[in-house]
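Colleague: Can you keep this structure in mind? I'll have questions shortly.
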Amino acid sequence: MTKLYKRYNLLIQLVILVVSYFFIINQVFWKQDLPAMLLTMQDDISTSGFIPMLVLILFLMLINWWLEAWKWKNMISKVEQVSWPRSVVAVLTGITISSFTPNRVGEYFGRAFILRKASHVEGILITILGSMSQLLVTILAGSAALLVFLPVFLPNAEFFRGYMYIGFIGSVLLFDTLLLGIFFNVSFLTTFKEKIFQNRFEKVRKYLRVFTFYSGRELRVVLALSFARYIVFSTQYFLLLWILGVRLPIYYAYIMISLIYLIMAIIPTIALTELGIRGSIAIYCFGFYFTPLMAAPAGLNLGILMASVLIWFINLGIPALVGSFFLFRLQFFRNNTE
């Protein structure tokens with residue numbers, strides 16, 4: 001690598017480091033003021049079970065990203081063999097870059113640029129495929145929660161009665177089936193390109209071939225790992241709500257949590273505002289359960305908001321800070337051009 005490439009790499013790495021630290025500090029200390037929130041809820045925090053439960057939640061964070069590193073390692077092995085440490089580094093640096101990008105798209109680049117030999121473009125596309133599996137799980141779980149939520153919490157809504165509700169169920173199931181069909185037949189993108197553009201854009205076909213690398217069995221494993229991750233971070237959310245005084249039956253808690261993740265998945269967000277949006281959505285969704293039961297849920301709202309802030313800080317903020325130490329391993333420029 002020439003000195004010019006090294007300088008460009010260093011410049012980009014430094015910019016990412018400064019910007020990511022600014023956004024994390026902005027979210028935690030300025031916009032949400034996490035220390036002040038912790039002080040407000042010191043009665044809940046001082047209980048004997050808080051610290052052991054928080055340790056469990058932090059342990060689940062490690063499980064969460066271990067599963068993601070496992071998934072990415074297996075998927076990226078189609079173009080380059082990556083060791084466990086490098087897979088973990090790729091995931092962490094991806095989180096760091098994603099902390100300040102819209103809908104966390106920076107994650108794709110953060111992982112791909114850890115690759116030493118394989119094409120960066122192929123690495124990005126493979127990472128996108130892995131993210132598609134996580135999004136698919138979020139949609140499937142969220143749509144199932146929605147079908148339960150509507151008759152339970154909106155029983156008087158005319159639209160969700162009788163044949164209208166049955167038709168809605170059919171539409172949701174059809175949509176979910178369509179998404180599953182697309183995911184397990186993602187190789188059609190390569191065929192589609194060949195039929196539409198034929199021999200033009202040969203380089204595009206070279207990159208799109210990565211979607212043909214995975215068998216149905218391998219995609220099922222990817223989906224299973226994504227589902228396991230979903231269970232882990234949903235459980236973290238539930239435990240945080242519980243230790244912060246937001247107590248509701250686990251059945252209803254997971255319905256609300258699944259709805260929150262579904263809404264967050266379909267609303268375009270910039271990381272700068274995501275934490276505030278997440279808290280507002282959580283308060284709104286949990287309000288359907290608590291408001292009919294309690295006259296003044298202000299204290300509950302604080303607990304819900306606090307849980308939303310902490311789940312972000314634990315699962316994204318802390319890994320992003322750790323990942324920042326590995327930013328200087330990323331290679332944005334090589335001697336050979338792709």
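Chain labels follow the order of the structure tokens: the first chain is A, the next B, and so on; residue numbering restarts at 1 in every chain, and ligands are counted from 1 in their shown order.
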Could you list, as a ChimeraX atom specification, every residue within 7 Å of Ser226 in chain A, counting only C-alpha atoms and ignoring same-chain residues fewer than 3 positions away?
Modeller: /A:133-134,137,222-223,229-230
Colleague: Write out as a list in words the residues lying within 9 Å of Val88 in chain A, counting only C-alpha atoms and excluding same-chain residues fewer than 2 positions away.
Modeller: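 Close residues of Val88 in chain A: Trp65, Trp66, Glu68, Ala69, Trp70, Lys73, Ser83, Trp84, Pro85, Arg86, Ala90, Val91, Leu92 and Thr93 of chain A.
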Colleague: Based on the selection just made, write N, CA and C atoms of those residues as a compact mmCIF listing (two decimals), in the first residue's frame.
Modeller:
# COMPACT_ATOMS: atom_id res chain seq x y z
N TRP A 65 -23.96 -10.51 20.45
CA TRP A 65 -22.97 -10.20 19.42
C TRP A 65 -22.08 -11.39 19.09
N TRP A 66 -21.99 -12.37 19.99
CA TRP A 66 -21.31 -13.62 19.65
C TRP A 66 -22.08 -14.36 18.56
N GLU A 68 -24.05 -12.95 16.37
CA GLU A 68 -23.90 -12.19 15.12
C GLU A 68 -22.53 -12.43 14.49
N ALA A 69 -21.48 -12.51 15.31
CA ALA A 69 -20.14 -12.79 14.79
C ALA A 69 -20.08 -14.18 14.18
N TRP A 70 -20.74 -15.14 14.80
CA TRP A 70 -20.82 -16.50 14.28
C TRP A 70 -21.52 -16.51 12.92
N LYS A 73 -19.27 -14.76 10.28
CA LYS A 73 -18.10 -15.58 9.98
C LYS A 73 -18.46 -16.68 9.00
N SER A 83 -10.98 -15.45 10.86
CA SER A 83 -10.86 -16.05 12.19
C SER A 83 -11.93 -15.49 13.12
N TRP A 84 -12.11 -16.18 14.25
CA TRP A 84 -13.07 -15.69 15.24
C TRP A 84 -12.74 -14.28 15.71
N PRO A 85 -11.48 -14.00 16.10
CA PRO A 85 -11.16 -12.63 16.54
C PRO A 85 -11.47 -11.58 15.49
N ARG A 86 -11.12 -11.86 14.23
CA ARG A 86 -11.38 -10.87 13.17
C ARG A 86 -12.87 -10.72 12.92
N ALA A 90 -14.79 -7.26 13.23
CA ALA A 90 -15.62 -6.76 12.13
C ALA A 90 -16.98 -6.33 12.62
N VAL A 91 -17.59 -7.13 13.48
CA VAL A 91 -18.91 -6.81 14.01
C VAL A 91 -18.85 -5.54 14.86
N LEU A 92 -17.84 -5.44 15.71
CA LEU A 92 -17.72 -4.29 16.60
C LEU A 92 -17.43 -2.99 15.84
N THR A 93 -16.54 -3.05 14.87
CA THR A 93 -16.26 -1.84 14.08
C THR A 93 -17.47 -1.45 13.24
Colleague: Under the rule of at most 12 Å, produce a per-residue listing of range 96-163 of chain A near range 255-260 of chain A: chain, number, name, the closest pair of atoms, and the distance in Å, as JSON lines, using only C-alpha atoms.
Modeller:
{"residue": "A:Val137", "atom": "CA", "partner": "A:Ser258", "partner_atom": "CA", "distance": 10.2}
{"residue": "A:Thr138", "atom": "CA", "partner": "A:Ser258", "partner_atom": "CA", "distance": 7.3}
{"residue": "A:Ile139", "atom": "CA", "partner": "A:Ser258", "partner_atom": "CA", "distance": 8.7}
{"residue": "A:Leu140", "atom": "CA", "partner": "A:Ser258", "partner_atom": "CA", "distance": 9.4}
{"residue": "A:Ala141", "atom": "CA", "partner": "A:Ser258", "partner_atom": "CA", "distance": 6.2}
{"residue": "A:Gly142", "atom": "CA", "partner": "A:Ser258", "partner_atom": "CA", "distance": 4.8}
{"residue": "A:Ser143", "atom": "CA", "partner": "A:Leu259", "partner_atom": "CA", "distance": 7.8}
{"residue": "A:Ala144", "atom": "CA", "partner": "A:Ile255", "partner_atom": "CA", "distance": 8.5}
{"residue": "A:Ala145", "atom": "CA", "partner": "A:Ile255", "partner_atom": "CA", "distance": 5.0}
{"residue": "A:Leu146", "atom": "CA", "partner": "A:Leu259", "partner_atom": "CA", "distance": 6.6}
{"residue": "A:Leu147", "atom": "CA", "partner": "A:Ile255", "partner_atom": "CA", "distance": 9.7}
{"residue": "A:Val148", "atom": "CA", "partner": "A:Ile255", "partner_atom": "CA", "distance": 7.8}
{"residue": "A:Phe149", "atom": "CA", "partner": "A:Ile255", "partner_atom": "CA", "distance": 7.1}
{"residue": "A:Leu150", "atom": "CA", "partner": "A:Ile255", "partner_atom": "CA", "distance": 10.8}
{"residue": "A:Val152", "atom": "CA", "partner": "A:Ile255", "partner_atom": "CA", "distance": 10.8}
{"residue": "A:Phe153", "atom": "CA", "partner": "A:Met256", "partner_atom": "CA", "distance": 10.9}
Colleague: Between A:Phe290, A:Tyr237, A:Phe325, A:Phe183, which residue has the minimum interatomic distance to Val18 in chain A, considering only C-alpha atoms?
Modeller: A:Phe325
Colleague: Choose the residue, out of A:Trp242, A:Phe211, A:Phe227, A:Phe326, that has the smallest atom-to-atom separation from Ile76 in chain A; count only C-alpha atoms.
Modeller: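 Using only C-alpha atoms, Ile76 in chain A sits closest to A:Phe211.
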Colleague: For Gly123 in chain A, please output as a CSV table (one decimal) with C-alpha atoms, in the first residue's frame all residues within 8 Å (counting only C-alpha atoms; exclusion window: fewer than 6 positions along the same chain).
Modeller:
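What follows is the written file out30.csv:
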chain,number,residue,atom,x,y,z
A,76,ILE,CA,-18.3,-14.4,4.7
A,79,VAL,CA,-15.3,-15.2,-0.2
A,108,TYR,CA,-22.1,-3.0,6.1
A,111,ARG,CA,-17.4,-5.1,8.4
A,112,ALA,CA,-16.5,-5.3,4.7
A,113,PHE,CA,-13.4,-3.1,5.1
A,115,LEU,CA,-11.4,-8.0,4.7
Colleague: Calculated over only C-alpha atoms, which of the candidates A:Gly181, A:Gly106, A:Gly287, A:Gly303 has the smallest distance to Val246 in chain A?
Modeller: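 Of the candidates, the smallest distance to Val246 in chain A is held by A:Gly303.
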Colleague: Tell me which protein, DNA and RNA residues are within 12 Å of Val105 in chain A, counting only C-alpha atoms, leaving out same-chain ones fewer than 5 positions away, and put them as a list in words.
Modeller: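 My list of contacting residues is Gly94, Ile95, Thr96, Ile97, Ser98, Ser99, Phe100, Gly110, Arg111, Ala112, Ile124, Leu125, Thr127, Ile128, Ser131, Met132, Pro268, Thr269, Ile270 and Ala271 of chain A.
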Colleague: Determine, counting only C-alpha atoms, which protein, DNA and RNA residues have an atom within 6 Å of an atom of range 306-310 of chain A; residues of the same chain fewer than 4 positions away are not included. Present the result as an MDAnalysis selection string.
Modeller: chainID A and resid 240:241 279 302 314
